[in-house]
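Report on the structure given below.
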Amino acid sequence: MNIIWILMIFIGIIIAVVTGKPEVINDVIIHETGEAVTFAIGLTGIMSFWLGLMNIAKKSGFISSITKSMTPITRYLFPEVPPNHPAIGAMMMNMVANMFGAGNSATALGLKAMEELQKLNTDKMVVTNTMAMFLVINMSSIQIIPLTILKLRSDAGSVNPTDIIITSILATIVSTIFGVVACKILEGRK
Amino acid sequence: MIKVLSYISIIAIPLMMTVILLHGWVKGVNMYDCFVEGAAEGFKTSIRIMPYLVAIFIAVGLMRKSGFIDYLINLANPLMTFVGVPPEVLPLVIMRPISGSGALAILRDILNSYGPDSFIGRLSSTMMGSAETIFYTMAVYFGSVGVKKGRHTLGAALISHLASIIAAVVVCTYLFL
């Protein structure tokens with residue numbers, strides 16, 4: 001993360017200066033930092049909501065029953081997590097929220113899952129195989145109904161805005177499979 | 001069709017909420033206290049991820065505003081044409097893993113200039129719908145638990161992204177051409 005971040009910053013600064021528009025650097029520093037804080041604060045409400053609801057779901061045994069029903073899949077994807085661990089429930093709910101395009105809810109649930117996974121981590125500084133797998137699946141997008149895209153398409157005057165749903169789902173399945181396989185292959189290397 | 005789909009999307013979260021609450025009720029959980037107890041963690045989590053968000057927003061902002069992404073697009077052009085990606089959708093391919101809002105703006109441009117029902121329009125919509133932002137998600141998720149070393153996460157995510165692009169081209173060519 002360190003190297004990527006430094007590279008992104010340096011490249012940005014150098015190019016801005018070389019192309020004769022150093023003022024954009026100031027602009028980014030002022031505006032983007034504010035945006036980041038606004039975003040984090042904006043996330044607080046939905047975060048509290050889901051963490052509250054998750055606490056109920058944990059105490060009522062709802063999470064452990066989802067976890068149990070998903071065992072055949074999760075045992076393959078996340079072999080290092082004990083079958084009844086609450087992390088599985090949080091990961092599953094994150095995926096459901098993602099599928100329905102509820103981005104902020106998905107983030108809240110995903111961060112809860114990361115917290116649970118971190119409890120299982122022996123080296124707190126380094127990502128576990130499970131975390132990497134969870135993130136890669138998460139980032140390969142498992143959205144079923146891409147509402148924003150449908151809206152953009154119908155705004156642009158599409159006769160049939162929804163005909164991209166099936167192609168999106170097919171492409172997503174392929175990318176998720178590739179992501180999972182890539183994780184399984186790469187995780188062996190230290 | 002779009003009305004039904006948007007209804008399903010809207011109802012999904014309330015449904016999840018209702019099921020959890022009903023289940024808690026049946027099991028006799030003290031729900032109000034449990035909710036508040038869990039919700040107290042929300043603020044802490046936001047504060048914890050804030051510095052990571054500031055860091056990644058600056059980096060992504062600099063890459064976008066400096067024009068670096070435009071260079072990257074020119075650089076990646078031959079490679080993408082080689083794997084069969086039409087050059088018109090290239091800006092989207094590059095922007096998608098870096099910034100979600102940036103990618104949406106590009107998609108809007110593409111749809112307006114080529115038409116939403118053209119091959120390019122459908123292909124770019126498919127690409128948008130089958131990928132996610134990578135850098136931001138990694139920064140937030142890792143940041144929230146304080147993990148520093150991501151190991152193979154970025155590599156696997158980029159492989160998955162590349163697969164989604166190629167899959168989108170193949171599927172769209174097959175179905176729409």
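Chain lettering (A, B, ...) mirrors the order of the structure tokens, residue numbering begins at 1 for each chain separately, and ligand numbering begins at 1 in order of display.
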
For stretch 29-36 of chain A, list every protein, DNA or RNA residue within 7 Å, evaluated using only C-alpha atoms, and leave out those in the same chain fewer than 2 positions away; present the list as a list in words.
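The residues that qualify are Ile25, Asn26, Asp27, Thr38, Phe39 and Ala40 of chain A; Met50, Leu53, Val54, Phe57, Ile58 and Gly61 of chain B.
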
Please, could you write that set of residues out with N, CA and C atoms as a PDB file, in the first residue's frame?
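Here's the written file selection02.pdb:
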```pdb
ATOM      1  N   ILE A  25      -2.784  20.807  -7.859  1.00  0.00           N
ATOM      2  CA  ILE A  25      -2.325  20.115  -6.645  1.00  0.00           C
ATOM      3  C   ILE A  25      -2.970  20.739  -5.411  1.00  0.00           C
ATOM      4  N   ASN A  26      -2.916  22.075  -5.353  1.00  0.00           N
ATOM      5  CA  ASN A  26      -3.554  22.779  -4.231  1.00  0.00           C
ATOM      6  C   ASN A  26      -5.043  22.479  -4.182  1.00  0.00           C
ATOM      7  N   ASP A  27      -5.625  22.491  -5.367  1.00  0.00           N
ATOM      8  CA  ASP A  27      -7.053  22.250  -5.470  1.00  0.00           C
ATOM      9  C   ASP A  27      -7.411  20.871  -4.898  1.00  0.00           C
ATOM     10  N   THR A  38     -16.064  14.283   4.737  1.00  0.00           N
ATOM     11  CA  THR A  38     -17.509  14.271   4.547  1.00  0.00           C
ATOM     12  C   THR A  38     -18.009  12.849   4.318  1.00  0.00           C
ATOM     13  N   PHE A  39     -17.239  12.114   3.526  1.00  0.00           N
ATOM     14  CA  PHE A  39     -17.628  10.743   3.210  1.00  0.00           C
ATOM     15  C   PHE A  39     -17.635   9.869   4.462  1.00  0.00           C
ATOM     16  N   ALA A  40     -16.553   9.990   5.254  1.00  0.00           N
ATOM     17  CA  ALA A  40     -16.449   9.176   6.468  1.00  0.00           C
ATOM     18  C   ALA A  40     -17.575   9.512   7.443  1.00  0.00           C
TER      19      ALA A  40
ATOM     20  N   MET B  50     -11.217   7.250   8.609  1.00  0.00           N
ATOM     21  CA  MET B  50     -11.081   8.596   8.042  1.00  0.00           C
ATOM     22  C   MET B  50      -9.675   8.930   7.523  1.00  0.00           C
ATOM     23  N   LEU B  53      -9.107   7.285   4.271  1.00  0.00           N
ATOM     24  CA  LEU B  53      -9.888   7.911   3.203  1.00  0.00           C
ATOM     25  C   LEU B  53      -9.206   9.189   2.717  1.00  0.00           C
ATOM     26  N   VAL B  54      -8.730  10.010   3.658  1.00  0.00           N
ATOM     27  CA  VAL B  54      -8.048  11.246   3.273  1.00  0.00           C
ATOM     28  C   VAL B  54      -6.846  10.912   2.381  1.00  0.00           C
ATOM     29  N   PHE B  57      -8.052   9.575  -1.087  1.00  0.00           N
ATOM     30  CA  PHE B  57      -8.729  10.610  -1.874  1.00  0.00           C
ATOM     31  C   PHE B  57      -7.706  11.561  -2.493  1.00  0.00           C
ATOM     32  N   ILE B  58      -6.659  11.904  -1.712  1.00  0.00           N
ATOM     33  CA  ILE B  58      -5.627  12.799  -2.255  1.00  0.00           C
ATOM     34  C   ILE B  58      -4.920  12.121  -3.435  1.00  0.00           C
ATOM     35  N   GLY B  61      -7.269  11.777  -6.368  1.00  0.00           N
ATOM     36  CA  GLY B  61      -7.525  13.123  -6.881  1.00  0.00           C
ATOM     37  C   GLY B  61      -6.372  13.633  -7.718  1.00  0.00           C
TER      38      GLY B  61
END
```

Counting only C-alpha atoms, which residues of chain A come no farther than 6 Å from chain B, as a count of residues only?
43

What are the DSSP helix (DSSP H, G or I) residues of stretch 2-167 of chain A, as JSON, numbers by chain?
{"A": [2, 3, 4, 5, 6, 7, 8, 9, 10, 11, 12, 13, 14, 15, 16, 17, 18, 23, 24, 25, 26, 27, 28, 29, 30, 31, 32, 33, 34, 35, 36, 37, 38, 39, 40, 41, 42, 43, 44, 45, 46, 47, 48, 49, 50, 51, 52, 53, 54, 55, 56, 57, 58, 59, 60, 62, 63, 64, 65, 66, 67, 68, 69, 71, 72, 73, 74, 75, 76, 77, 86, 87, 88, 89, 90, 91, 92, 93, 94, 95, 96, 97, 98, 99, 103, 104, 105, 106, 107, 108, 109, 110, 111, 112, 113, 114, 115, 116, 117, 118, 119, 120, 129, 130, 131, 132, 133, 134, 135, 136, 137, 138, 139, 147, 148, 149, 150, 151, 152, 153, 154, 155, 161, 162, 163, 164, 165, 166, 167]}

Between atom CA of A:Gln118 and atom CA of A:Gly103, measure the distance and give it in Å to one decimal.
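Atom CA of A:Gln118 sits 22.1 Å away from atom CA of A:Gly103.
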
Just the residues within 9 Å of A:Lys184, please, counting only C-alpha atoms, with nothing from its chain fewer than 3 positions along; format it as a JSON list (two decimals) with N, CA and C atoms, in the first residue's frame.
```json
[["chain", "number", "residue", "atom", "x", "y", "z"],
["A", 77, "LEU", "N", -14.17, -21.45, 0.06],
["A", 77, "LEU", "CA", -13.63, -20.09, -0.13],
["A", 77, "LEU", "C", -12.77, -19.63, 1.03],
["A", 129, "ASN", "N", -5.19, -14.90, 4.16],
["A", 129, "ASN", "CA", -5.74, -15.42, 2.90],
["A", 129, "ASN", "C", -7.24, -15.15, 2.81],
["A", 133, "MET", "N", -9.18, -13.03, -0.07],
["A", 133, "MET", "CA", -10.24, -13.67, -0.86],
["A", 133, "MET", "C", -11.54, -12.88, -0.75],
["A", 179, "GLY", "N", -10.92, -14.13, -10.15],
["A", 179, "GLY", "CA", -10.41, -13.56, -8.91],
["A", 179, "GLY", "C", -10.17, -14.64, -7.86],
["A", 180, "VAL", "N", -11.14, -15.54, -7.71],
["A", 180, "VAL", "CA", -11.03, -16.61, -6.72],
["A", 180, "VAL", "C", -9.85, -17.53, -7.05],
["A", 181, "VAL", "N", -9.75, -17.90, -8.33],
["A", 181, "VAL", "CA", -8.66, -18.79, -8.74],
["A", 181, "VAL", "C", -7.31, -18.08, -8.54],
["A", 187, "GLU", "N", -1.98, -17.14, -3.16],
["A", 187, "GLU", "CA", -1.87, -17.11, -1.70],
["A", 187, "GLU", "C", -0.81, -18.06, -1.17],
["A", 188, "GLY", "N", -0.43, -19.05, -1.98],
["A", 188, "GLY", "CA", 0.60, -20.00, -1.56],
["A", 188, "GLY", "C", 1.96, -19.35, -1.43]]
```
